[in-house]
Every structure is written in structure tokens, then in C-alpha cells.
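Here's upload_29.tsv, which has TSV, C-alpha atoms:
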chain	number	residue	atom	x	y	z
A	1	MET	CA	25.44	4.86	17.71
A	2	LYS	CA	28.15	6.08	15.36
A	3	PHE	CA	28.07	9.56	13.84
A	4	ALA	CA	30.41	10.88	11.18
A	5	ARG	CA	30.95	14.11	9.32
A	6	ILE	CA	31.27	13.38	5.61
A	7	LEU	CA	31.69	14.95	2.20
A	8	TYR	CA	29.17	13.63	-0.33
A	9	ASN	CA	28.47	15.13	-3.75
A	10	ASP	CA	30.58	18.18	-2.79
A	11	GLU	CA	28.41	18.90	0.26
A	12	ILE	CA	29.17	18.36	3.94
A	13	TYR	CA	26.75	16.31	6.04
A	14	TYR	CA	26.57	14.64	9.37
A	15	ALA	CA	25.52	11.03	9.02
A	16	LYS	CA	24.79	7.94	11.08
A	17	TYR	CA	27.03	5.01	10.22
A	18	ASP	CA	25.90	1.38	10.12
A	19	SER	CA	28.99	-0.84	10.25
A	20	SER	CA	27.04	-3.98	9.34
A	21	SER	CA	26.00	-2.55	5.96
A	22	ASN	CA	28.91	-0.10	5.54
A	23	MET	CA	26.31	2.59	4.83
A	24	PHE	CA	25.78	6.17	5.97
A	25	GLU	CA	22.33	7.61	6.57
A	26	LEU	CA	22.47	11.35	5.89
A	27	ILE	CA	21.29	13.73	8.59
A	28	GLU	CA	19.47	17.00	8.07
A	29	GLY	CA	20.65	19.57	10.58
A	30	ASP	CA	23.41	19.53	13.18
A	31	ILE	CA	24.05	16.71	15.64
A	32	PHE	CA	25.01	19.38	18.21
A	33	ASP	CA	21.61	21.02	17.87
A	34	PHE	CA	18.42	19.91	16.13
A	35	PHE	CA	18.54	17.25	13.43
A	36	SER	CA	16.50	14.58	11.73
A	37	TYR	CA	17.35	11.50	9.71
A	38	THR	CA	16.73	11.50	5.97
A	39	SER	CA	15.86	8.62	3.69
A	40	THR	CA	19.15	8.99	1.83
A	41	ASN	CA	21.65	6.17	2.39
A	42	VAL	CA	25.09	6.14	0.77
A	43	ASN	CA	27.91	3.59	0.73
A	44	ARG	CA	31.09	4.37	2.62
A	45	ASN	CA	33.01	4.12	-0.66
A	46	GLU	CA	31.00	7.07	-2.02
A	47	VAL	CA	32.04	9.57	0.65
A	48	LYS	CA	35.10	11.17	2.19
A	49	ILE	CA	35.12	10.98	5.97
A	50	LEU	CA	35.98	14.41	7.40
A	51	PRO	CA	37.16	15.32	10.91
A	52	THR	CA	34.32	14.29	13.20
A	53	CYS	CA	33.68	17.85	14.40
A	54	GLU	CA	35.03	21.40	14.27
A	55	PRO	CA	36.22	22.18	17.80
A	56	SER	CA	36.81	25.72	18.99
A	57	LYS	CA	39.59	24.19	21.08
A	58	ILE	CA	41.18	20.89	22.00
A	59	VAL	CA	41.91	20.61	25.71
A	60	ALA	CA	44.56	17.94	26.17
A	61	VAL	CA	45.56	16.03	29.29
A	62	GLY	CA	49.32	15.61	29.35
A	63	LEU	CA	49.68	12.69	31.76
A	64	ASN	CA	46.78	10.37	32.40
A	65	TYR	CA	48.36	6.89	32.42
A	66	ALA	CA	50.85	6.14	35.20
A	67	ASN	CA	53.04	4.07	32.88
A	68	HIS	CA	53.36	7.01	30.46
A	69	ALA	CA	54.36	9.34	33.30
A	70	ASN	CA	57.00	6.81	34.29
A	71	GLU	CA	58.42	6.48	30.77
A	72	MET	CA	58.67	10.29	30.57
A	73	GLY	CA	60.37	10.45	34.00
A	74	LEU	CA	57.58	12.61	35.46
A	75	ASN	CA	55.68	12.46	38.73
A	76	ILE	CA	52.04	11.37	38.86
A	77	PRO	CA	50.04	14.63	38.80
A	78	LYS	CA	47.59	15.56	41.57
A	79	PHE	CA	45.52	17.56	39.05
A	80	PRO	CA	45.35	16.91	35.31
A	81	ALA	CA	48.26	18.46	33.43
A	82	LEU	CA	46.47	20.50	30.76
A	83	PHE	CA	47.49	22.14	27.51
A	84	LEU	CA	45.69	23.32	24.38
A	85	LYS	CA	46.01	22.26	20.77
A	86	PRO	CA	44.72	24.75	18.19
A	87	SER	CA	41.74	23.97	15.96
A	88	SER	CA	44.05	24.50	12.98
A	89	SER	CA	45.87	21.26	13.89
A	90	VAL	CA	42.78	19.13	13.16
A	91	ILE	CA	42.71	16.67	10.25
A	92	GLY	CA	40.57	13.63	9.56
A	93	ASN	CA	40.79	9.96	8.78
A	94	MET	CA	43.05	9.08	5.81
A	95	ASP	CA	44.56	12.59	5.79
A	96	ASN	CA	48.28	13.36	5.79
A	97	ILE	CA	50.35	14.31	8.83
A	98	ILE	CA	52.92	16.82	7.60
A	99	TYR	CA	56.38	16.43	9.11
A	100	PRO	CA	57.55	19.97	10.04
A	101	ASP	CA	60.89	21.18	8.74
A	102	MET	CA	62.06	22.43	12.14
A	103	SER	CA	61.68	19.07	13.91
A	104	GLU	CA	63.81	15.94	13.81
A	105	GLN	CA	61.63	13.80	16.11
A	106	VAL	CA	57.88	13.59	15.57
A	107	ASP	CA	56.07	11.15	17.87
A	108	TYR	CA	52.66	9.46	17.85
A	109	GLU	CA	50.35	9.38	20.90
A	110	ALA	CA	47.14	7.31	20.72
A	111	GLU	CA	44.31	8.81	22.76
A	112	LEU	CA	40.60	8.54	23.49
A	113	ALA	CA	38.93	11.91	22.91
A	114	ILE	CA	35.73	13.21	24.51
A	115	VAL	CA	33.43	15.19	22.21
A	116	ILE	CA	31.40	17.81	24.09
A	117	GLY	CA	27.72	17.92	23.15
A	118	GLU	CA	26.37	20.86	25.18
A	119	THR	CA	27.86	24.06	26.58
A	120	ALA	CA	29.50	23.13	29.88
A	121	SER	CA	30.55	25.52	32.61
A	122	TYR	CA	31.02	24.59	36.28
A	123	VAL	CA	29.38	21.19	35.85
A	124	SER	CA	29.61	18.58	38.58
A	125	GLU	CA	31.25	15.23	38.07
A	126	SER	CA	27.91	13.49	38.62
A	127	GLU	CA	26.31	15.54	35.80
A	128	ALA	CA	29.26	15.45	33.38
A	129	LYS	CA	27.82	12.74	31.11
A	130	LYS	CA	24.90	15.03	30.22
A	131	TYR	CA	27.40	17.29	28.43
A	132	ILE	CA	29.17	14.57	26.45
A	133	LEU	CA	27.97	13.71	22.95
A	134	GLY	CA	30.37	10.79	22.51
A	135	TYR	CA	33.93	9.67	21.99
A	136	THR	CA	36.40	9.46	19.12
A	137	CYS	CA	40.03	8.55	18.38
A	138	LEU	CA	42.76	11.18	18.42
A	139	ASN	CA	46.48	11.08	17.70
A	140	ASP	CA	48.26	13.74	19.75
A	141	ILE	CA	51.19	14.25	17.38
A	142	THR	CA	54.16	15.82	19.13
A	143	ALA	CA	57.47	17.27	17.96
A	144	ARG	CA	59.33	15.71	20.87
A	145	ASP	CA	62.64	17.45	20.30
A	146	LEU	CA	60.92	20.85	20.35
A	147	GLN	CA	58.92	19.91	23.44
A	148	ARG	CA	62.19	19.36	25.32
A	149	LEU	CA	63.38	22.86	24.36
A	150	ASP	CA	60.29	24.82	25.38
A	151	SER	CA	58.90	25.58	28.84
A	152	GLN	CA	55.37	25.00	27.51
A	153	TRP	CA	54.15	22.73	24.74
A	154	THR	CA	52.29	24.94	22.27
A	155	ARG	CA	54.91	24.72	19.54
A	156	ALA	CA	55.55	20.99	19.91
A	157	LYS	CA	51.85	20.10	19.93
A	158	GLY	CA	50.37	22.78	17.72
A	159	PHE	CA	51.60	22.29	14.15
A	160	ASP	CA	49.06	22.04	11.37
A	161	THR	CA	47.94	18.36	10.97
A	162	PHE	CA	49.06	17.44	14.53
A	163	ALA	CA	45.54	16.49	15.72
A	164	PRO	CA	44.05	13.73	13.57
A	165	ILE	CA	40.57	12.83	14.86
A	166	GLY	CA	37.98	10.27	13.78
A	167	PRO	CA	36.69	8.38	12.03
A	168	PHE	CA	33.46	8.31	14.09
A	169	ILE	CA	31.85	9.71	17.20
A	170	GLU	CA	30.56	6.78	19.22
A	171	THR	CA	27.76	7.72	21.63
A	172	GLU	CA	27.44	4.32	23.35
A	173	LEU	CA	30.81	3.50	24.90
A	174	ASP	CA	32.21	2.95	28.37
A	175	PRO	CA	35.06	5.46	28.05
A	176	ASP	CA	36.78	4.27	31.20
A	177	ASN	CA	37.06	0.66	30.05
A	178	ALA	CA	38.02	0.61	26.37
A	179	ASP	CA	40.94	-1.13	24.70
A	180	ILE	CA	43.24	1.27	22.86
A	181	ARG	CA	46.19	0.53	20.56
A	182	LEU	CA	48.41	2.19	18.02
A	183	ARG	CA	49.97	0.51	15.01
A	184	LEU	CA	52.91	1.93	13.08
A	185	ASN	CA	53.21	0.35	9.64
A	186	GLY	CA	51.06	-2.51	10.91
A	187	LYS	CA	53.08	-3.18	14.08
A	188	VAL	CA	51.45	-2.61	17.48
A	189	MET	CA	53.45	0.03	19.37
A	190	GLN	CA	50.98	1.08	22.07
A	191	GLU	CA	48.35	-1.11	23.72
A	192	SER	CA	46.39	-0.48	26.90
A	193	ASN	CA	42.92	0.03	28.32
A	194	THR	CA	41.38	3.27	29.52
A	195	SER	CA	40.65	1.59	32.86
A	196	ASN	CA	44.26	2.62	33.56
A	197	PHE	CA	43.36	6.33	33.51
A	198	ILE	CA	44.63	8.35	36.46
A	199	PHE	CA	41.71	10.77	36.00
A	200	LYS	CA	38.41	9.35	34.68
A	201	THR	CA	36.46	11.01	31.88
A	202	ASP	CA	33.61	12.47	33.96
A	203	TYR	CA	36.14	14.00	36.34
A	204	LEU	CA	38.03	15.57	33.43
A	205	VAL	CA	34.90	17.20	31.99
A	206	SER	CA	33.95	18.57	35.39
A	207	ALA	CA	37.45	19.77	36.32
A	208	ILE	CA	38.10	21.48	32.99
A	209	SER	CA	34.67	23.13	33.00
A	210	GLN	CA	35.67	24.86	36.26
A	211	ILE	CA	38.45	26.59	34.28
A	212	MET	CA	36.99	27.28	30.85
A	213	THR	CA	33.62	27.00	29.16
A	214	LEU	CA	33.39	23.99	26.88
A	215	TYR	CA	31.30	24.41	23.74
A	216	PRO	CA	29.52	21.86	21.54
A	217	GLY	CA	32.13	20.20	19.33
A	218	ASP	CA	35.03	20.95	21.67
A	219	ILE	CA	37.34	18.05	22.41
A	220	ILE	CA	39.01	16.84	25.59
A	221	THR	CA	41.72	14.36	24.74
A	222	THR	CA	42.53	12.09	27.63
A	223	GLY	CA	46.23	11.26	27.49
A	224	THR	CA	48.27	8.46	26.01
A	225	PRO	CA	49.55	5.15	27.40
A	226	SER	CA	53.18	4.04	27.39
A	227	GLY	CA	54.90	3.05	24.18
A	228	ILE	CA	55.19	6.42	22.48
A	229	GLY	CA	57.72	6.59	19.70
A	230	SER	CA	58.77	8.32	16.54
A	231	MET	CA	57.27	8.39	13.07
A	232	ASN	CA	59.10	9.01	9.83
A	233	ILE	CA	58.10	10.29	6.42
A	234	GLY	CA	56.38	7.48	4.55
A	235	ASP	CA	54.93	5.82	7.66
A	236	THR	CA	51.31	4.83	8.17
A	237	VAL	CA	49.93	5.27	11.69
A	238	GLU	CA	46.66	3.87	13.04
A	239	VAL	CA	44.85	4.59	16.31
A	240	GLU	CA	42.26	1.95	17.13
A	241	ILE	CA	39.80	2.04	20.01
A	242	ASP	CA	37.43	-0.88	20.41
A	243	GLY	CA	33.85	0.27	19.92
A	244	ILE	CA	34.85	3.36	17.92
A	245	GLY	CA	36.98	2.26	14.98
A	246	THR	CA	40.38	2.92	13.43
A	247	LEU	CA	41.86	6.32	12.62
A	248	THR	CA	44.42	6.02	9.81
A	249	ASN	CA	46.90	8.71	8.71
A	250	PHE	CA	50.01	8.96	6.55
A	251	VAL	CA	53.22	10.84	7.39
A	252	LYS	CA	54.31	13.06	4.52
A	253	GLU	CA	56.96	15.64	3.75
A	254	ARG	CA	55.83	19.25	3.45
A	255	GLN	CA	55.39	20.26	-0.19
A	256	LYS	CA	57.76	23.18	-0.82

Could you render the structure from this file as C-alpha cells?
Amino acid sequence: MKFARILYNDEIYYAKYDSSSNMFELIEGDIFDFFSYTSTNVNRNEVKILPTCEPSKIVAVGLNYANHANEMGLNIPKFPALFLKPSSSVIGNMDNIIYPDMSEQVDYEAELAIVIGETASYVSESEAKKYILGYTCLNDITARDLQRLDSQWTRAKGFDTFAPIGPFIETELDPDNADIRLRLNGKVMQESNTSNFIFKTDYLVSAISQIMTLYPGDIITTGTPSGIGSMNIGDTVEVEIDGIGTLTNFVKERQK
């Protein structure tokens, strides 16, 4: 089942998406709490798709594909390498990624993101799925030149617009066996399958919940495969995960 967060007639709704008809069925309530379906159906062309959720935090896994660790010249981690992206970095499908003035190398990173459905603290790996609502696409935008300068990655990963997510939350997906790819101006630059994860999704939810409480709508983004590279102003970047959909964004100059 695909959920989306949409703007329709100047109001924000959650909705269920039917790809066969290209229609949204509006939801009354909150998909992270109590909700019901309405009888109102609207065409995709009538709505703006918003970021799929409003996370209090994005917990990101820095290295979760061995081939990406190798291309970065880093050792395979024994525990997930974690960092945070601020909620202010979130944008949605078809929104603009703003190229920051202080960077000269902004990179794309296609990732599968876990959307937390229930408050999770000290959950076991065997119970982790109970706390997952579904999965979405995320582009972990990174100012690579700034990342090399800093001892931690907050600045490089935390700019406004550096966490595009969407377009849908898919509740019925095998997250550890999904094809993932990134296209830059129509050309495939990254292509892999999440079966190549070093740390599987249930393990990540469990391990992170031992450190910090995860709240409904929070996101764990699971790392990127090899093939990372730079984007330039004017580029179009797409993250596609089979079973979820395609997240499209445009790289723009900051309006001064």
C-alpha cells in the first residue's frame, strides 16, 4: 500500500495512492495514529505531493554498502556509522535542491529510508518490523568538499533542502531485497540492490533504538551504494526504488 502526504485545495492530507488509476483517496486523520478512508478521490495532477512525513530527526547510516566504503577508502564498520540530518533539510518530490554558496562539490546519494510508525525504544531485532510503517526514497545530499574539512558531518549533510524524501511511503516491500538506482539528467549513475546491505533494516531499527527513542514519522536512512558523484546547478536528479517509485528534484542556485 502506498501512502502520500499531499496538498489539495490549500489543505494538507494524507492519502492512499492507486498507481493503476493515478488517483489519491483522501484520508481523515493521521496515518501514524487513527485514521479512516474518505469517499473523496482526486487525480494526481490535482495535488502537490509533499514530503512523505515530518520527522523529528533523520538518523543516517554512513556506510552500509561494502562497495561504497571501498570507494571512500574506509574500512567496513563493525557497528553502523551514524549521523543526524536536521528536519529542516527535508524537501519533497519535485522540489528544488539549493546549491549552497560555501560549497564547490555537492554530491547525490540514493538511499532507501525507513519510516518509523510507532515509538521505538530498546526494541529487539525480531520485533523491529512492528515499529516500521513503511519505506520511502531519500537523497542524502552532501557537500563533499566540506565533509572532508570537518571532523563530523553536520555541516556537509545538514543544509536546507539536503534531504529530499518521497514520493510515497510503501508499506508492503522487502526492504532488504529492492533494486535502487539514481539517474542524473537521465543517465544512471548508481545502481544496486539492498540485498548488499552490510546491516539489514531490522537490525538498524533495533540498534538505533538502543541509543535514542524513535518517534512516529522519524526516518532511518540506510546508506548509499557506490557510484556517488557531483551535481551542478541546472541538473535533474532522480532516486528510484522498485516498489516505491521515483523521487525527482532539481538543483538550483540560491536566490539572493

Point (52.1, -1.2, 14.3), cut-off 12 Å, counting all atoms listed in the file, residues as a PyMOL selection string: chain A and resi 108+110+181-191+227-231+235-240+248

Close residues, A:Asp202 itself excluded, 6 Å, only C-alpha atoms, min 3 positions apart in chain, as a PyMOL selection string: chain A and resi 125+128+205

Under the rule of at most 9 Å, produce a per-residue listing of stretch 131-196 of chain A near stretch 41-52 of chain A: chain, number, name, the closest pair of atoms, and the distance in Å, as JSON lines, using all atoms listed in the file.
{"residue": "A:Thr136", "atom": "CA", "partner": "A:Thr52", "partner_atom": "CA", "distance": 7.9}
{"residue": "A:Pro164", "atom": "CA", "partner": "A:Pro51", "partner_atom": "CA", "distance": 7.6}
{"residue": "A:Ile165", "atom": "CA", "partner": "A:Pro51", "partner_atom": "CA", "distance": 5.8}
{"residue": "A:Gly166", "atom": "CA", "partner": "A:Thr52", "partner_atom": "CA", "distance": 5.5}
{"residue": "A:Pro167", "atom": "CA", "partner": "A:Thr52", "partner_atom": "CA", "distance": 6.5}
{"residue": "A:Phe168", "atom": "CA", "partner": "A:Thr52", "partner_atom": "CA", "distance": 6.1}
{"residue": "A:Ile169", "atom": "CA", "partner": "A:Thr52", "partner_atom": "CA", "distance": 6.6}

Selected residues written out with C-alpha atoms, as a PDB file, in the coordinates of the input:
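The file below, selection21.pdb, is the result:
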ATOM      1  CA  THR A 136      36.400   9.460  19.120  1.00  0.00           C
ATOM      2  CA  PRO A 164      44.050  13.730  13.570  1.00  0.00           C
ATOM      3  CA  ILE A 165      40.570  12.830  14.860  1.00  0.00           C
ATOM      4  CA  GLY A 166      37.980  10.270  13.780  1.00  0.00           C
ATOM      5  CA  PRO A 167      36.690   8.380  12.030  1.00  0.00           C
ATOM      6  CA  PHE A 168      33.460   8.310  14.090  1.00  0.00           C
ATOM      7  CA  ILE A 169      31.850   9.710  17.200  1.00  0.00           C
TER       8      ILE A 169
END

Stretch 145-161 of chain A environment, 7 Å, only C-alpha atoms, sequence neighbours closer than 3 positions dropped, as a PyMOL selection string: chain A and resi 85-86+88-91+97-98+103-105+141-142+164

Within 6 Å of A:Gly62 using all atoms listed in the file, minus same-chain residues under 5 positions, as a PyMOL selection string: chain A and resi 81-82+223

Among the residues A:Glu127, A:Glu118, A:Glu172, A:Asp107, the one that comes closest to A:Arg144 [using only C-alpha atoms]: A:Asp107

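With all atoms listed in the file as the basis for measurement, A:Arg254 is the residue among A:Lys16, A:Lys78, A:Lys2, A:Arg254 that approaches A:Met102 most closely.
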
Taking all atoms of stretch 40-47 of chain A that appear in the file, build a box with edges along x, y and z, extend it by 8 Å on every side, and state its centre and edge lengths in Å to one decimal, as JSON.
{"center_x": 26.1, "center_y": 6.6, "center_z": 0.3, "size_x": 29.9, "size_y": 22.0, "size_z": 20.6}

Distance criterion (only C-alpha atoms): nearest to A:Ser209 out of A:Val59, A:Asp176, A:Val251, A:Phe197: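 Checking each candidate against A:Ser209, we get A:Val59 as the closest.
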
Two-atom distance - atom CA of A:Gly217, atom CA of A:Lys130 (Å):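 Spanning atom CA of A:Gly217 to atom CA of A:Lys130 is a straight-line distance of 14.1 Å.
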
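For the pair atom CA of A:Gly117 and atom CA of A:Lys129, the separation is 9.5 Å.
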
Within 10 Å of A:Ser226 using all atoms listed in the file, minus same-chain residues under 6 positions, as a list in words: Tyr65, Ala66, Asn67, His68, Ala69, Asn70, Glu71, Met72, Glu109, Ala110, Met189, Gln190, Glu191 and Ser192 of chain A

Write the residues of the preceding selection, restricted to C-alpha atoms, as a compact mmCIF listing (two decimals), in the coordinates of the input.
# COMPACT_ATOMS: atom_id res chain seq x y z
CA TYR A 65 48.36 6.89 32.42
CA ALA A 66 50.85 6.14 35.20
CA ASN A 67 53.04 4.07 32.88
CA HIS A 68 53.36 7.01 30.46
CA ALA A 69 54.36 9.34 33.30
CA ASN A 70 57.00 6.81 34.29
CA GLU A 71 58.42 6.48 30.77
CA MET A 72 58.67 10.29 30.57
CA GLU A 109 50.35 9.38 20.90
CA ALA A 110 47.14 7.31 20.72
CA MET A 189 53.45 0.03 19.37
CA GLN A 190 50.98 1.08 22.07
CA GLU A 191 48.35 -1.11 23.72
CA SER A 192 46.39 -0.48 26.90

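Note that the spacing between atom CA of A:Glu25 and atom CA of A:Thr221 amounts to 27.4 Å.
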
Proximity to A:Ile211 - best of A:Gly73, A:Pro55, A:Gly92, A:Pro80, only C-alpha atoms: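 Of the candidates, the smallest distance to A:Ile211 is held by A:Pro80.
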
Best match for closeness to A:Leu133 among A:Met1, A:Asn75, A:Tyr17, A:Asp10, counting only C-alpha atoms: A:Met1
